[in-house]
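To be precise, the following lines are target08.cif, and they hold mmCIF, C-alpha atoms.
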```
data_coords
loop_
_atom_site.label_atom_id
_atom_site.label_comp_id
_atom_site.auth_asym_id
_atom_site.auth_seq_id
_atom_site.Cartn_x
_atom_site.Cartn_y
_atom_site.Cartn_z
CA MET A 1 0.00 0.00 0.00
CA ALA A 2 1.18 3.53 -0.70
CA GLU A 3 0.26 7.18 -0.84
CA VAL A 4 -0.09 8.70 -4.31
CA ALA A 5 0.76 12.38 -4.77
CA LEU A 6 0.41 14.42 -7.94
CA GLU A 7 2.10 17.81 -7.77
CA ALA A 8 1.41 20.45 -10.47
CA VAL A 9 0.99 17.71 -13.06
CA ASP A 10 0.43 18.71 -16.70
CA LYS A 11 -0.17 16.51 -19.71
CA VAL A 12 -0.01 18.14 -23.14
CA TYR A 13 -0.25 15.98 -26.26
CA PRO A 14 1.41 16.77 -29.61
CA GLY A 15 -0.68 19.40 -31.32
CA GLY A 16 -1.28 21.31 -28.09
CA THR A 17 -4.19 19.40 -26.55
CA ARG A 18 -3.92 19.85 -22.79
CA ALA A 19 -5.48 16.83 -21.09
CA ILE A 20 -4.34 17.62 -17.53
CA ALA A 21 -3.60 21.14 -16.27
CA ALA A 22 -1.62 22.01 -13.12
CA LEU A 23 -3.27 19.27 -11.11
CA ASP A 24 -2.51 18.77 -7.42
CA LEU A 25 -3.99 15.73 -5.71
CA ARG A 26 -2.89 13.65 -2.74
CA ILE A 27 -4.41 10.19 -2.19
CA ALA A 28 -3.73 8.77 1.25
CA ASP A 29 -2.44 5.26 1.91
CA GLY A 30 -5.45 2.94 1.96
CA GLU A 31 -7.87 5.54 0.61
CA LEU A 32 -10.38 5.02 -2.21
CA VAL A 33 -10.67 8.14 -4.36
CA VAL A 34 -13.16 8.31 -7.24
CA LEU A 35 -12.35 10.48 -10.27
CA VAL A 36 -15.52 11.74 -11.94
CA GLY A 37 -16.28 14.20 -14.70
CA PRO A 38 -17.68 14.46 -18.23
CA SER A 39 -16.21 12.56 -21.17
CA GLY A 40 -12.85 14.00 -22.19
CA CYS A 41 -12.17 15.70 -18.86
CA GLY A 42 -8.91 13.79 -18.28
CA LYS A 43 -9.99 11.01 -15.89
CA SER A 44 -8.47 8.09 -17.80
CA THR A 45 -5.39 10.14 -18.73
CA LEU A 46 -4.75 10.76 -15.05
CA LEU A 47 -5.02 7.04 -14.34
CA ARG A 48 -2.59 6.27 -17.16
CA LEU A 49 -0.13 8.82 -15.77
CA ILE A 50 -0.19 7.11 -12.38
CA ALA A 51 0.21 3.70 -14.03
CA GLY A 52 3.17 4.88 -16.12
CA LEU A 53 1.42 4.27 -19.44
CA GLU A 54 1.77 8.02 -20.15
CA ALA A 55 4.53 10.42 -19.13
CA PRO A 56 3.62 13.80 -17.62
CA SER A 57 4.63 16.91 -19.55
CA ALA A 58 5.37 18.69 -16.28
CA GLY A 59 5.01 18.16 -12.55
CA THR A 60 5.82 15.28 -10.22
CA ILE A 61 4.11 11.95 -9.52
CA ARG A 62 5.03 10.23 -6.26
CA ILE A 63 4.03 6.69 -5.27
CA GLY A 64 4.90 5.63 -1.76
CA GLY A 65 6.93 8.79 -1.31
CA ARG A 66 9.19 8.06 -4.30
CA VAL A 67 9.22 10.08 -7.51
CA ALA A 68 7.78 7.82 -10.21
CA ASN A 69 8.00 10.06 -13.28
CA ASP A 70 10.69 7.94 -14.93
CA ALA A 71 9.79 4.58 -13.39
CA ARG A 72 8.62 1.89 -15.80
CA PRO A 73 5.02 0.62 -15.34
CA GLN A 74 6.26 -2.77 -14.13
CA ASP A 75 8.41 -1.09 -11.49
CA ARG A 76 5.62 0.98 -9.93
CA ASN A 77 3.81 -1.90 -8.18
CA VAL A 78 0.53 -0.62 -9.61
CA ALA A 79 -2.28 -2.86 -10.90
CA MET A 80 -4.90 -1.65 -13.38
CA VAL A 81 -8.37 -3.02 -14.22
CA PHE A 82 -10.00 -1.91 -17.47
CA GLN A 83 -13.65 -1.84 -18.48
CA ASP A 84 -13.22 -4.56 -21.13
CA TYR A 85 -11.76 -7.15 -18.67
CA ALA A 86 -8.87 -8.05 -21.11
CA LEU A 87 -8.93 -11.76 -20.20
CA TYR A 88 -7.09 -14.31 -22.31
CA PRO A 89 -9.92 -16.37 -23.88
CA HIS A 90 -7.84 -19.55 -24.30
CA LEU A 91 -6.68 -19.63 -20.66
CA SER A 92 -8.69 -20.91 -17.71
CA VAL A 93 -9.64 -18.57 -14.90
CA ARG A 94 -6.83 -20.03 -12.80
CA ARG A 95 -4.23 -19.35 -15.49
CA ASN A 96 -5.64 -15.87 -16.20
CA VAL A 97 -5.33 -14.93 -12.54
CA ALA A 98 -1.86 -16.48 -12.29
CA PHE A 99 -0.54 -14.89 -15.49
CA PRO A 100 1.19 -11.81 -13.98
CA LEU A 101 2.86 -13.98 -11.33
CA ARG A 102 4.16 -16.45 -13.92
CA MET A 103 5.55 -13.55 -15.93
CA ARG A 104 7.54 -12.58 -12.84
CA ARG A 105 8.74 -16.20 -12.58
CA LEU A 106 7.57 -16.67 -9.00
CA PRO A 107 7.78 -20.20 -7.52
CA ALA A 108 4.83 -22.43 -8.46
CA ALA A 109 3.82 -22.92 -4.83
CA GLU A 110 3.63 -19.16 -4.21
CA VAL A 111 1.66 -18.65 -7.44
CA ALA A 112 -0.85 -21.31 -6.41
CA ALA A 113 -1.21 -19.87 -2.90
CA ARG A 114 -1.79 -16.33 -4.14
CA VAL A 115 -4.34 -17.49 -6.72
CA GLU A 116 -6.26 -19.43 -4.06
CA ARG A 117 -6.25 -16.42 -1.70
CA ALA A 118 -7.55 -14.09 -4.41
CA ALA A 119 -10.17 -16.64 -5.49
CA ALA A 120 -11.43 -16.98 -1.93
CA LEU A 121 -11.56 -13.21 -1.47
CA LEU A 122 -13.55 -12.73 -4.69
CA GLU A 123 -15.61 -15.93 -4.30
CA ILE A 124 -14.50 -17.31 -7.68
CA GLY A 125 -13.00 -20.57 -6.36
CA PRO A 126 -15.57 -22.79 -8.17
CA LEU A 127 -14.80 -20.97 -11.44
CA LEU A 128 -11.04 -21.52 -11.53
CA ASP A 129 -11.13 -24.27 -14.16
CA ARG A 130 -13.60 -22.54 -16.50
CA LEU A 131 -12.80 -20.49 -19.58
CA PRO A 132 -13.81 -16.79 -19.75
CA LYS A 133 -16.54 -17.58 -22.31
CA GLN A 134 -18.25 -19.74 -19.67
CA LEU A 135 -18.56 -16.83 -17.22
CA SER A 136 -21.12 -14.08 -16.74
CA GLY A 137 -20.12 -10.42 -17.03
CA GLY A 138 -19.90 -10.02 -13.27
CA GLN A 139 -17.77 -13.15 -12.94
CA ARG A 140 -15.39 -11.94 -15.66
CA GLN A 141 -15.01 -8.63 -13.85
CA ARG A 142 -14.12 -10.43 -10.63
CA VAL A 143 -11.54 -12.52 -12.49
CA ALA A 144 -9.99 -9.32 -13.89
CA MET A 145 -9.84 -7.92 -10.36
CA GLY A 146 -8.34 -11.17 -9.09
CA ARG A 147 -5.57 -10.96 -11.68
CA ALA A 148 -4.75 -7.50 -10.34
CA LEU A 149 -5.03 -8.46 -6.68
CA VAL A 150 -2.62 -11.42 -6.86
CA ARG A 151 0.17 -9.00 -7.65
CA GLU A 152 -0.40 -7.49 -4.17
CA PRO A 153 -0.05 -4.00 -5.65
CA ALA A 154 0.64 -0.84 -3.71
CA VAL A 155 -1.98 1.00 -5.78
CA PHE A 156 -5.08 -0.37 -7.49
CA LEU A 157 -6.35 1.59 -10.54
CA LEU A 158 -9.84 0.92 -11.93
CA ASP A 159 -10.92 2.51 -15.22
CA GLU A 160 -14.74 2.35 -15.47
CA PRO A 161 -14.72 -1.36 -14.53
CA LEU A 162 -18.52 -1.72 -14.29
CA SER A 163 -19.61 0.03 -17.48
CA ASN A 164 -20.16 -3.24 -19.37
CA LEU A 165 -22.42 -4.76 -16.69
CA ASP A 166 -26.19 -4.55 -16.49
CA ALA A 167 -27.79 -2.46 -13.73
CA ARG A 168 -28.36 -5.35 -11.29
CA LEU A 169 -24.81 -6.67 -11.63
CA ARG A 170 -23.38 -3.17 -11.27
CA VAL A 171 -24.98 -2.85 -7.84
CA GLN A 172 -23.62 -6.24 -6.78
CA VAL A 173 -20.07 -5.77 -8.05
CA ARG A 174 -19.95 -2.19 -6.74
CA ALA A 175 -20.69 -3.50 -3.25
CA GLU A 176 -18.02 -6.18 -3.70
CA ILE A 177 -15.38 -3.61 -4.71
CA LYS A 178 -16.17 -1.54 -1.63
CA GLU A 179 -15.92 -4.61 0.58
CA ILE A 180 -12.64 -5.75 -1.00
CA GLN A 181 -11.12 -2.31 -0.53
CA ALA A 182 -12.24 -2.22 3.11
CA ARG A 183 -10.69 -5.65 3.73
CA THR A 184 -7.40 -5.16 1.89
CA ARG A 185 -6.98 -1.41 2.63
CA THR A 186 -5.28 -1.08 -0.75
CA THR A 187 -4.98 2.45 -2.12
CA MET A 188 -7.53 2.67 -4.95
CA VAL A 189 -8.14 5.24 -7.67
CA TYR A 190 -11.45 4.61 -9.43
CA VAL A 191 -12.55 6.32 -12.63
CA THR A 192 -16.23 6.53 -13.51
CA HIS A 193 -18.81 8.76 -15.17
CA ASP A 194 -21.56 7.16 -13.06
CA GLN A 195 -22.92 9.46 -10.34
CA VAL A 196 -24.08 6.60 -8.11
CA GLU A 197 -20.69 4.87 -8.22
CA ALA A 198 -18.93 8.11 -7.34
CA MET A 199 -21.21 8.91 -4.39
CA THR A 200 -21.36 5.40 -2.92
CA LEU A 201 -17.81 4.12 -3.42
CA GLY A 202 -15.39 6.92 -2.68
CA ASP A 203 -13.87 8.01 0.60
CA ARG A 204 -13.43 11.21 -1.41
CA VAL A 205 -14.64 12.29 -4.84
CA ALA A 206 -12.43 14.32 -7.19
CA VAL A 207 -14.38 16.23 -9.85
CA LEU A 208 -12.51 17.13 -13.05
CA ASP A 209 -13.43 19.39 -15.95
CA ARG A 210 -11.20 19.96 -19.00
CA GLY A 211 -8.20 18.59 -17.16
CA ARG A 212 -8.58 20.81 -14.10
CA LEU A 213 -9.49 19.63 -10.62
CA GLN A 214 -12.68 21.44 -9.58
CA GLN A 215 -13.19 19.97 -6.12
CA VAL A 216 -12.00 17.04 -4.02
CA ALA A 217 -13.95 16.21 -0.88
CA PRO A 218 -16.05 13.47 0.75
CA PRO A 219 -19.16 12.63 -1.32
CA ARG A 220 -21.59 14.38 1.02
CA GLU A 221 -19.58 17.60 1.00
CA VAL A 222 -19.36 17.61 -2.80
CA TYR A 223 -23.13 17.18 -2.98
CA GLU A 224 -24.13 19.62 -0.23
CA ARG A 225 -21.38 22.25 -0.64
CA PRO A 226 -20.23 22.32 -4.27
CA ALA A 227 -17.18 24.53 -4.78
CA ASN A 228 -18.51 26.05 -7.99
CA ALA A 229 -21.38 26.01 -10.47
CA PHE A 230 -19.76 23.29 -12.57
CA VAL A 231 -19.67 20.83 -9.66
CA ALA A 232 -23.21 21.83 -8.67
CA GLY A 233 -24.48 21.23 -12.19
CA PHE A 234 -22.60 17.97 -12.66
CA VAL A 235 -22.96 16.07 -9.39
CA GLY A 236 -26.40 14.67 -8.71
CA ASN A 237 -29.01 12.88 -10.77
CA PRO A 238 -30.79 15.03 -11.74
CA PRO A 239 -28.14 17.71 -11.08
CA MET A 240 -28.73 20.96 -9.26
CA ASN A 241 -31.08 23.44 -10.93
CA LEU A 242 -29.10 26.55 -11.90
CA PHE A 243 -30.76 29.78 -12.98
CA PRO A 244 -30.13 33.56 -12.99
CA ALA A 245 -31.39 35.41 -9.91
CA ARG A 246 -30.69 38.39 -7.64
CA VAL A 247 -30.59 38.74 -3.86
CA VAL A 248 -32.84 41.66 -2.88
CA ALA A 249 -34.50 42.89 0.30
CA SER A 250 -38.16 42.16 0.99
CA PRO A 251 -40.47 44.98 2.24
CA GLU A 252 -39.72 43.71 5.75
CA GLY A 253 -35.97 43.99 5.10
CA ARG A 254 -35.27 40.25 4.89
CA PRO A 255 -33.24 38.87 1.97
CA VAL A 256 -35.22 37.15 -0.76
CA LEU A 257 -34.28 35.62 -4.08
CA ALA A 258 -35.69 37.48 -7.09
CA VAL A 259 -36.39 35.18 -10.04
CA GLY A 260 -37.94 37.10 -12.91
CA ALA A 261 -40.77 39.19 -11.49
CA GLU A 262 -41.29 36.96 -8.44
CA THR A 263 -39.39 36.33 -5.23
CA VAL A 264 -38.88 33.40 -2.89
CA PRO A 265 -37.59 33.46 0.69
CA VAL A 266 -33.99 32.52 1.39
CA ALA A 267 -32.12 32.01 4.66
CA ALA A 268 -29.96 35.05 5.41
CA ALA A 269 -26.96 32.83 6.25
CA ARG A 270 -27.08 31.24 2.78
CA VAL A 271 -26.61 34.57 0.99
CA ALA A 272 -24.53 36.51 3.52
CA ARG A 273 -21.59 36.69 1.08
CA ALA A 274 -23.69 37.50 -1.98
CA PRO A 275 -23.73 41.11 -3.25
CA ALA A 276 -27.19 42.66 -3.14
CA ASP A 277 -29.18 43.33 -6.30
CA GLU A 278 -26.55 41.94 -8.67
CA GLU A 279 -27.12 39.25 -11.27
CA LEU A 280 -25.96 35.94 -9.80
CA LEU A 281 -26.44 32.27 -10.46
CA ALA A 282 -28.75 30.53 -7.99
CA GLY A 283 -28.84 26.80 -7.43
CA VAL A 284 -31.47 24.52 -5.90
CA ARG A 285 -31.42 20.72 -5.70
CA PRO A 286 -34.54 18.99 -7.12
CA GLU A 287 -35.44 17.66 -3.67
CA ALA A 288 -35.37 21.21 -2.24
CA LEU A 289 -38.37 22.17 -4.40
CA ARG A 290 -41.97 21.48 -3.40
CA LEU A 291 -45.15 21.74 -5.40
CA GLY A 292 -48.10 23.47 -3.76
CA GLY A 293 -49.55 26.85 -2.94
CA GLY A 294 -48.82 29.26 -0.15
CA PRO A 295 -46.73 32.37 0.40
CA GLY A 296 -43.28 32.52 -1.10
CA THR A 297 -44.11 30.24 -4.04
CA ILE A 298 -43.62 30.92 -7.76
CA GLY A 299 -45.97 30.12 -10.61
CA ALA A 300 -44.82 27.43 -13.07
CA THR A 301 -46.08 25.16 -15.83
CA ILE A 302 -45.39 21.43 -16.02
CA GLU A 303 -43.58 20.61 -19.26
CA HIS A 304 -42.84 16.94 -18.70
CA VAL A 305 -43.34 14.30 -16.00
CA GLU A 306 -41.21 11.22 -15.27
CA PHE A 307 -42.93 8.65 -13.05
CA LEU A 308 -40.27 6.45 -11.43
CA GLY A 309 -42.42 4.58 -8.93
CA HIS A 310 -40.84 5.64 -5.65
CA GLU A 311 -40.62 9.23 -6.86
CA THR A 312 -41.62 11.54 -9.69
CA LEU A 313 -39.49 14.07 -11.55
CA ALA A 314 -41.52 17.11 -12.62
CA HIS A 315 -39.91 19.27 -15.32
CA LEU A 316 -41.14 22.84 -14.90
CA ARG A 317 -40.96 26.19 -16.68
CA LEU A 318 -41.28 29.22 -14.43
CA ASP A 319 -43.94 31.74 -15.44
CA GLY A 320 -42.76 35.23 -16.34
CA ALA A 321 -39.02 34.53 -16.15
CA ARG A 322 -36.98 35.98 -19.03
CA PRO A 323 -34.87 34.30 -20.25
CA ALA A 324 -36.84 31.11 -19.65
CA VAL A 325 -36.04 29.26 -16.43
CA ARG A 326 -36.56 25.52 -16.32
CA LEU A 327 -36.36 23.45 -13.14
CA VAL A 328 -36.67 19.81 -12.16
CA ALA A 329 -38.51 19.00 -8.92
CA ARG A 330 -38.21 15.64 -7.14
CA VAL A 331 -41.59 14.68 -5.67
CA PRO A 332 -42.18 11.58 -3.47
CA GLY A 333 -44.44 8.85 -4.88
CA MET A 334 -46.53 9.23 -8.03
CA PRO A 335 -48.81 12.26 -7.62
CA ALA A 336 -51.37 13.15 -10.29
CA LEU A 337 -49.35 15.62 -12.34
CA ALA A 338 -50.06 16.33 -15.99
CA LYS A 339 -48.21 18.07 -18.78
CA GLY A 340 -49.39 21.67 -19.22
CA ALA A 341 -50.82 21.97 -15.71
CA ALA A 342 -50.23 25.18 -13.74
CA VAL A 343 -48.57 24.71 -10.35
CA ARG A 344 -46.96 26.75 -7.60
CA VAL A 345 -43.33 25.99 -6.67
CA GLY A 346 -41.80 26.56 -3.26
CA VAL A 347 -38.08 26.57 -2.41
CA ASP A 348 -36.53 25.39 0.85
CA PRO A 349 -34.87 28.63 2.11
CA GLU A 350 -32.10 26.61 3.80
CA GLN A 351 -31.14 24.82 0.58
CA VAL A 352 -30.45 27.74 -1.76
CA HIS A 353 -26.96 28.10 -3.24
CA VAL A 354 -25.55 31.19 -4.94
CA PHE A 355 -22.59 31.55 -7.30
CA ASP A 356 -20.87 34.63 -8.69
CA ALA A 357 -20.46 35.49 -12.38
CA ALA A 358 -17.35 33.28 -12.59
CA GLY A 359 -19.22 30.33 -11.06
CA ARG A 360 -17.53 30.43 -7.64
CA ALA A 361 -19.68 29.41 -4.69
CA LEU A 362 -20.78 32.29 -2.46
CA THR A 363 -22.92 30.21 -0.11
CA ALA A 364 -21.57 30.18 3.43
#
```

Since I need it in another form, could you write the structure as structure tokens?
Amino acid sequence: MAEVALEAVDKVYPGGTRAIAALDLRIADGELVVLVGPSGCGKSTLLRLIAGLEAPSAGTIRIGGRVANDARPQDRNVAMVFQDYALYPHLSVRRNVAFPLRMRRLPAAEVAARVERAAALLEIGPLLDRLPKQLSGGQRQRVAMGRALVREPAVFLLDEPLSNLDARLRVQVRAEIKEIQARTRTTMVYVTHDQVEAMTLGDRVAVLDRGRLQQVAPPREVYERPANAFVAGFVGNPPMNLFPARVVASPEGRPVLAVGAETVPVAAARVARAPADEELLAGVRPEALRLGGGPGTIGATIEHVEFLGHETLAHLRLDGARPAVRLVARVPGMPALAKGAAVRVGVDPEQVHVFDAAGRALTA
């Protein structure tokens, strides 16, 4: 096991494409950090830099306290699992798992012992004499992980390992990965574009955009206190509603959020750092919206409804807001909502976020 530290790391490809820009990230020994971001943000490139499959254009990569910039991949004691499993189809599970140990010419007895330990950990013992074509997708993924685990790596790198599995298997294997990491306490860096994987797996989540680290924090903090509008609009499913607004004073002198011609109440502590009566970007999570009448609500029209069984997502367009403001509200159960219906929308005053013109969070 080992700490991984990236210090001012850049990666620029021929032609000038900058995949990673001045990135600083420290991953503690035994920690599981999830890298998340849109396609092309640099997640897989960062993994390849740690593995030694790519060389940084600038900056320093340390593994276990040692500079690894010039170390060969085989000398870094790093194991990598890809999304396509990369199993040898003509080899049995046992020989697939043992392959990296045989390449290192370890004694046969040690190879057998390590394979048995990994098989027991991953519960693939009964599968050891099968070929990959005789396995399910989840079983193949566990075999790929077993092949990485037998090396007893200092760092475990996983590049979207569950993307080829169906939804049910993803839940199962995701839980297994979390359990394996908790048992082995191996340092893990996990790349995904899946919001659920990021929020449920990571000790911390690192959000990237265009090669730049936007925020790194525990999942709950990333969700509840996004560092900027990009993180707010990316993390969450559906993501945070973002729309132009101003913080103004009500007739009673209390701060309110002006959206178009209407206002909604907001907790003073949430907007204490926001300049008054200036155009800002406001953010509200779908679950912080409620449908119903009463003071402090805004008129809206239902544009689309998604009934999900345990909850309903109501897509709304606010009345009188120019430019048009569209929001998504998360409503428990399956209420009788119809496209085109007029509704009133309330906002939880304690759940309002505000961002400045550059997208930086102003919420205390």

| request: Could you state which residues are captured by the PyMOL selection byres ((chain A and resi 86) around 12) in this file, as an MDAnalysis selection string? | output: chainID A and resid 80:85 87:91 96:97 132 140:145 147:148 161

Export C-alpha atoms of the chosen residues as a tab-separated table (two decimals), in the coordinates of the input?
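File written: selection.tsv
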```tsv
chain	number	residue	atom	x	y	z
A	80	MET	CA	-4.90	-1.65	-13.38
A	81	VAL	CA	-8.37	-3.02	-14.22
A	82	PHE	CA	-10.00	-1.91	-17.47
A	83	GLN	CA	-13.65	-1.84	-18.48
A	84	ASP	CA	-13.22	-4.56	-21.13
A	85	TYR	CA	-11.76	-7.15	-18.67
A	87	LEU	CA	-8.93	-11.76	-20.20
A	88	TYR	CA	-7.09	-14.31	-22.31
A	89	PRO	CA	-9.92	-16.37	-23.88
A	90	HIS	CA	-7.84	-19.55	-24.30
A	91	LEU	CA	-6.68	-19.63	-20.66
A	96	ASN	CA	-5.64	-15.87	-16.20
A	97	VAL	CA	-5.33	-14.93	-12.54
A	132	PRO	CA	-13.81	-16.79	-19.75
A	140	ARG	CA	-15.39	-11.94	-15.66
A	141	GLN	CA	-15.01	-8.63	-13.85
A	142	ARG	CA	-14.12	-10.43	-10.63
A	143	VAL	CA	-11.54	-12.52	-12.49
A	144	ALA	CA	-9.99	-9.32	-13.89
A	145	MET	CA	-9.84	-7.92	-10.36
A	147	ARG	CA	-5.57	-10.96	-11.68
A	148	ALA	CA	-4.75	-7.50	-10.34
A	161	PRO	CA	-14.72	-1.36	-14.53
```

Place a sphere of radius 9 Å on (-49.4, 14.2, -11.8) in the file coordinates and name every protein, DNA or RNA residue with an atom inside or on its surface, counting only C-alpha atoms; give the answer as a compact mmCIF listing (two decimals) with C-alpha atoms, keeping the file's coordinate frame.
```txt
# COMPACT_ATOMS: atom_id res chain seq x y z
CA VAL A 305 -43.34 14.30 -16.00
CA PHE A 307 -42.93 8.65 -13.05
CA THR A 312 -41.62 11.54 -9.69
CA ALA A 314 -41.52 17.11 -12.62
CA MET A 334 -46.53 9.23 -8.03
CA PRO A 335 -48.81 12.26 -7.62
CA ALA A 336 -51.37 13.15 -10.29
CA LEU A 337 -49.35 15.62 -12.34
CA ALA A 338 -50.06 16.33 -15.99
CA LYS A 339 -48.21 18.07 -18.78
CA ALA A 341 -50.82 21.97 -15.71
```

| query | Which neighbours of Arg290 of chain A fall inside 8 Å, counting all atoms listed in the file, when residues of the same chain fewer than 4 positions from it are skipped, and could you give them as a list in words? | reply | Ala329, Arg330, Val331, Val345, Gly346, Val347 and Asp348 of chain A

| said: To one decimal place in Å, what is the distance between atom CA of Gly37 of chain A and atom CA of Gly233 of chain A? | reply: 11.1 Å

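Comparing the minimum interatomic distances between Val231 of chain A and each of A:Val12, A:Ala361, A:Met103, A:Ile50, counting all atoms listed in the file, we find that A:Ala361 sits nearest.
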
| task | Using all atoms listed in the file, pick whichever of A:Ala217, A:Val189, A:Val4, A:Ala245 has the shortest atom-to-atom distance to Arg62 of chain A. | result |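 Under the stated criterion, the closest residue is A:Val4.
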
| Smallest atom-to-atom distance to Arg322 of chain A: which of A:Ala112, A:Leu47, A:Ala261, A:Leu6, using all atoms listed in the file? |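 The closest residue to Arg322 of chain A is A:Ala261.
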